[in-house]
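**Q** Attaching a single structure in structure tokens format; questions to follow.
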Amino acid sequence: MSASDTSLIQLRRLTKTYGQGDAAFQALRGVDLQINKGEFVAVMGPSGSGKSTLMNLLGCLDTPTSGNYLYQDIAVERLNADQRSLLRRHALGFIFQGFNLLARTSSLENVELPLVYRGLSKKERRERAQEALVSVGLPNKMRNTPAELSGGQQQRVAIARAIVTRPSTLFADEPTGNLDTRTTDEIMELLTRLNEDRGITVLMVTHEDEVATHAKRIVRVKDGLIESDIRTKP
């Protein structure tokens, strides 16, 4: 199998600068990184290290100042806003620390929402949302609103929403930051299962060493550069 068959993400000399002149701040200073299909990567680093900027660029939520970003051989830095939106919609899923669920909307409707933008029929949206909620262990919570769910259950709904589009890559930004230790373990076991059983590539930002141990590879960012890149599991 060739490198192009296994490579999902390739970054070459990627930079990101905010502001201009004396106020300019270089958040990323020339990052080289390759991530292969099916990996589970934890991205770590102190506040201000550039890890969040890196994840925003990888998730097509922002654009680099210079350098190259290939996603499955697509030159992402050359895409316009609409094209980046299409890439996010069809290939990427996102999980956030704050869940970001619609408060007065049921779990089922929250999970269906990304499929509305896909133009799927109501019947297909409903079937796929139900399937996603079952897969995260919430078959009996489909009609509940976020206020009727625990923090862990809300994050499971958020994960179901992220995977309902069947993305190839899942971006998780501090996915356990608002959860207790037991619930954190449950959520990490779920992410591990999605990675191993479905082959979804997982890229996760975390500041917790115990959470990072669930990943197969830990990339540490410092001062806008990759400080270390260690494979922890085969």
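Each chain in the structure tokens gets a letter, A, B and so on, in the order shown; residues start at 1 in every chain, and ligands are counted from 1 in the order they appear.
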What's the 12 Å shell around Met204 of chain A, counting only C-alpha atoms, without same-chain residues fewer than 2 positions away, as a count of residues only?
**A** 47
**Q** Report as a ChimeraX atom specification: the residues of segment 121-150 of chain A with a DSSP assignment of alpha helix (DSSP H), based on the backbone of this structure.
**A** /A:122-135
**Q** If you count only C-alpha atoms, which residues fall within 10 Å of Gln72 of chain A, apart from same-chain ones fewer than 2 positions away, as a VMD selection string?
**A** chain A and resid 4 to 10 36 to 37 69 to 70 74 to 76
**Q** What residues in chain A get the DSSP label strand (DSSP E)? Please answer as number ranges by chain.
**A** A: 7-18, 25-36, 40-44, 66-71, 74-75, 92-96, 169-173, 201-205, 217-222, 225-231
**Q** Using only C-alpha atoms, determine which residues lie at most 12 Å from Arg84 of chain A, disregarding the query and same-chain residues fewer than 3 positions distant; provide the list as a PyMOL selection string.
**A** chain A and resi 57-63+71+74-81+87-92
